[in-house]
Amino acid sequence: MTKKEKAAAITKILEKLYPNPPVPLDHKDEYTLLIAVLLSAQCTDIRVNQITPHLFKMADNPYDMVKHSIEEIREIIKPCGLSPAKSKAIFNLSQILIDKHKGKVPRTMEELEELPGVGHKTASVVMIQAYQVPAFPVDTHIHRLIYRWGLSDGSSVTQTERDCKKLFPVEKWIKLHLQIIYFGREYCPARGHHPEKCPVCSKYGVKV
C-alpha cells in the first residue's frame, strides 16, 4: 500500500467517525477565534474555553482590549500558561489591528503571521476556521499521529505539513485537521495507546 492509498483509507475511517467535527475553541468572530487560538499554545482547549468567557467579557474586540493594561489581561489568562508573553501579544496585536487593519483580522497568511504571538500554525487555524481558506495546521498532536501512521518521517512540523498537503486532497484539509485532532484524543493518545484497539493503527501498523 502506498502512502497515498493509506492516507485515503485513513480519511475514510476519520470521515465515518467524525463526519461533522466541531471547532473545539469557543468563539463568536474572527477576533475572538484569533485570541483563543493564541491562548491554546501549550494549553488545552478545555482550559482555554474556561478562560475566554472572562477575557471576552472584559473585551471582545481590539478597541476594547487596548483600553486595558497588559497586566489586567495577564491576570485573567494566567491559567493558560505563558501568560507574560501571551498578554503582551494580545495587547500588541490588538493595537496593530486598529492601526493597520481598521480593527479587522487580516485575511492572508502573511499578514496574520506578522502579528505578535501569531505563528504559522495559529495563522493556518484562523485561515481555515474563520475564512474557510484551505490550510493544514500541524500541531504537536497531528505531527505525532502522521508520523505514527507512517505518512511522514517526523523530522519537523514543517515537513509533516508538506507531506500532509501532498497526501490529502485540498478539499479535505479543513475538516481533516479537526478529525485527526479528535481521533488522536479518543483513539490514538501519546501515552497509554493500545494499537490493537485503535481503528487506524490496528489496520495499518504503527511507529512508536
# chains A, B, ... in the order shown; residues from 1 in each chain; ligands from 1

$ residues_around --residues "segment 104-109 of chain A" --least-positions-apart "5" --cutoff "9 Å" --atoms "only C-alpha atoms" --output "PDB file with N, CA and C atoms, in the first residue's frame"
ATOM      1  N   GLU A  30     -13.943  36.461  14.067  1.00  0.00           N
ATOM      2  CA  GLU A  30     -12.532  36.247  13.721  1.00  0.00           C
ATOM      3  C   GLU A  30     -11.586  36.672  14.849  1.00  0.00           C
ATOM      4  N   TYR A  31     -11.911  37.780  15.501  1.00  0.00           N
ATOM      5  CA  TYR A  31     -11.026  38.286  16.557  1.00  0.00           C
ATOM      6  C   TYR A  31     -10.998  37.341  17.762  1.00  0.00           C
ATOM      7  N   LEU A  34      -9.029  34.264  16.879  1.00  0.00           N
ATOM      8  CA  LEU A  34      -7.592  34.524  16.879  1.00  0.00           C
ATOM      9  C   LEU A  34      -7.024  34.503  18.301  1.00  0.00           C
ATOM     10  N   PRO A  62     -10.655  44.444  19.469  1.00  0.00           N
ATOM     11  CA  PRO A  62      -9.366  45.098  19.711  1.00  0.00           C
ATOM     12  C   PRO A  62      -9.479  46.481  20.342  1.00  0.00           C
ATOM     13  N   LEU A  97      -4.022  45.692  14.892  1.00  0.00           N
ATOM     14  CA  LEU A  97      -5.269  45.530  14.135  1.00  0.00           C
ATOM     15  C   LEU A  97      -5.970  46.872  13.965  1.00  0.00           C
ATOM     16  N   ILE A  98      -5.933  47.693  15.018  1.00  0.00           N
ATOM     17  CA  ILE A  98      -6.554  49.026  14.950  1.00  0.00           C
ATOM     18  C   ILE A  98      -5.767  49.930  14.002  1.00  0.00           C
ATOM     19  N   GLU A 114       2.487  38.261  10.629  1.00  0.00           N
ATOM     20  CA  GLU A 114       3.193  39.472  11.070  1.00  0.00           C
ATOM     21  C   GLU A 114       2.729  39.929  12.453  1.00  0.00           C
ATOM     22  N   HIS A 120       2.884  30.282  12.359  1.00  0.00           N
ATOM     23  CA  HIS A 120       2.311  29.678  11.153  1.00  0.00           C
ATOM     24  C   HIS A 120       1.091  28.818  11.481  1.00  0.00           C
ATOM     25  N   ALA A 123      -1.910  31.058  12.470  1.00  0.00           N
ATOM     26  CA  ALA A 123      -2.423  31.707  11.262  1.00  0.00           C
ATOM     27  C   ALA A 123      -3.211  30.718  10.399  1.00  0.00           C
ATOM     28  N   SER A 124      -2.705  29.495  10.289  1.00  0.00           N
ATOM     29  CA  SER A 124      -3.387  28.466   9.481  1.00  0.00           C
ATOM     30  C   SER A 124      -4.760  28.143  10.055  1.00  0.00           C
ATOM     31  N   VAL A 126      -6.697  30.087  11.872  1.00  0.00           N
ATOM     32  CA  VAL A 126      -7.589  31.221  11.608  1.00  0.00           C
ATOM     33  C   VAL A 126      -8.046  31.212  10.150  1.00  0.00           C
ATOM     34  N   MET A 127      -7.136  30.917   9.231  1.00  0.00           N
ATOM     35  CA  MET A 127      -7.497  30.896   7.815  1.00  0.00           C
ATOM     36  C   MET A 127      -8.577  29.859   7.522  1.00  0.00           C
ATOM     37  N   ALA A 130     -11.911  30.654  10.271  1.00  0.00           N
ATOM     38  CA  ALA A 130     -12.592  31.941  10.138  1.00  0.00           C
ATOM     39  C   ALA A 130     -12.980  32.228   8.695  1.00  0.00           C
ATOM     40  N   TYR A 131     -12.086  31.858   7.755  1.00  0.00           N
ATOM     41  CA  TYR A 131     -12.288  32.255   6.367  1.00  0.00           C
ATOM     42  C   TYR A 131     -12.465  31.083   5.406  1.00  0.00           C
TER      43      TYR A 131
END

$ residues_around --residues "segment 151-164 of chain A" --least-positions-apart "4" --cutoff "8 Å" --atoms "only C-alpha atoms" --output "list in words"
Lys3, Ala7, Phe136, Pro137, Val138, Asp139, Thr140, His143, Arg144, Ile146, Tyr147 and Phe168 of chain A

$ closest_residue --among "A:Leu112, A:Asp99, A:Met65, A:Leu14" --to "Tyr187 of chain A" --atoms "only C-alpha atoms"
A:Leu14

$ residues_around --residues "Gly184 of chain A" --least-positions-apart "2" --cutoff "10 Å" --atoms "only C-alpha atoms" --output "list of chain:residue names"
A:His141, A:Ile142, A:Arg144, A:Leu145, A:Leu178, A:Gln179, A:Ile180, A:Ile181, A:Tyr182, A:Glu186, A:Tyr187, A:Cys188, A:Pro189, A:Ala190, A:His193, A:Cys198

$ write_last_selection --atoms "C-alpha atoms" --output "PDB file, in the first residue's frame"
ATOM      1  CA  HIS A 141      -0.662  16.070  18.110  1.00  0.00           C
ATOM      2  CA  ILE A 142      -1.115  15.952  14.335  1.00  0.00           C
ATOM      3  CA  ARG A 144       2.786  12.792  16.239  1.00  0.00           C
ATOM      4  CA  LEU A 145      -0.065  10.928  14.539  1.00  0.00           C
ATOM      5  CA  LEU A 178     -10.150  18.632  13.188  1.00  0.00           C
ATOM      6  CA  GLN A 179     -10.859  14.956  12.509  1.00  0.00           C
ATOM      7  CA  ILE A 180      -7.238  13.991  13.247  1.00  0.00           C
ATOM      8  CA  ILE A 181      -7.228  16.025  16.476  1.00  0.00           C
ATOM      9  CA  TYR A 182     -10.425  14.387  17.757  1.00  0.00           C
ATOM     10  CA  GLU A 186     -10.137   9.404  21.599  1.00  0.00           C
ATOM     11  CA  TYR A 187      -8.243   6.527  19.974  1.00  0.00           C
ATOM     12  CA  CYS A 188      -4.572   7.366  19.469  1.00  0.00           C
ATOM     13  CA  PRO A 189      -3.140   9.191  22.514  1.00  0.00           C
ATOM     14  CA  ALA A 190       0.557   9.810  23.096  1.00  0.00           C
ATOM     15  CA  HIS A 193      -2.007   3.870  23.498  1.00  0.00           C
ATOM     16  CA  CYS A 198      -7.062   1.808  17.515  1.00  0.00           C
TER      17      CYS A 198
END

$ closest_residue --among "A:Glu75, A:Glu110, A:Asp29, A:Asp45" --to "Gln129 of chain A" --atoms "only C-alpha atoms"
A:Asp29

$ residues_around --residues "Ile73 of chain A" --least-positions-apart "2" --cutoff "9 Å" --atoms "only C-alpha atoms" --output "PyMOL selection string"
chain A and resi 55+58+65+68-71+75-78+83+86-88+90-91

$ write_last_selection --atoms "C-alpha atoms" --output "mmCIF file, in the first residue's frame"
data_model
loop_
_atom_site.group_PDB
_atom_site.id
_atom_site.type_symbol
_atom_site.label_atom_id
_atom_site.label_comp_id
_atom_site.auth_asym_id
_atom_site.auth_seq_id
_atom_site.Cartn_x
_atom_site.Cartn_y
_atom_site.Cartn_z
ATOM 1 C CA LEU A 55 -11.476 37.692 28.971
ATOM 2 C CA MET A 58 -13.783 42.404 29.628
ATOM 3 C CA MET A 65 -8.815 45.268 24.570
ATOM 4 C CA HIS A 68 -6.887 47.559 29.434
ATOM 5 C CA SER A 69 -3.313 47.072 30.581
ATOM 6 C CA ILE A 70 -1.142 44.084 29.769
ATOM 7 C CA GLU A 71 -1.206 43.281 33.500
ATOM 8 C CA GLU A 75 -4.266 38.322 35.370
ATOM 9 C CA ILE A 76 -7.205 36.753 33.510
ATOM 10 C CA ILE A 77 -5.238 34.441 31.226
ATOM 11 C CA LYS A 78 -2.723 33.149 33.812
ATOM 12 C CA SER A 83 0.810 34.490 30.355
ATOM 13 C CA LYS A 86 0.552 35.900 25.628
ATOM 14 C CA SER A 87 -0.772 39.025 27.388
ATOM 15 C CA LYS A 88 1.773 41.222 25.584
ATOM 16 C CA ILE A 90 -2.851 40.085 22.796
ATOM 17 C CA PHE A 91 -2.405 43.767 23.659
#

$ closest_residue --among "A:Leu93, A:Leu115, A:Val37, A:Ala9" --to "Cys80 of chain A" --atoms "only C-alpha atoms"
A:Val37

$ atom_distance --atom1 "atom CA of Ala8 of chain A" --atom2 "atom CA of Ser40 of chain A"
29.4 Å

$ closest_residue --among "A:Asn49, A:Asp60, A:Phe183, A:Thr11" --to "Pro24 of chain A" --atoms "only C-alpha atoms"
A:Asn49
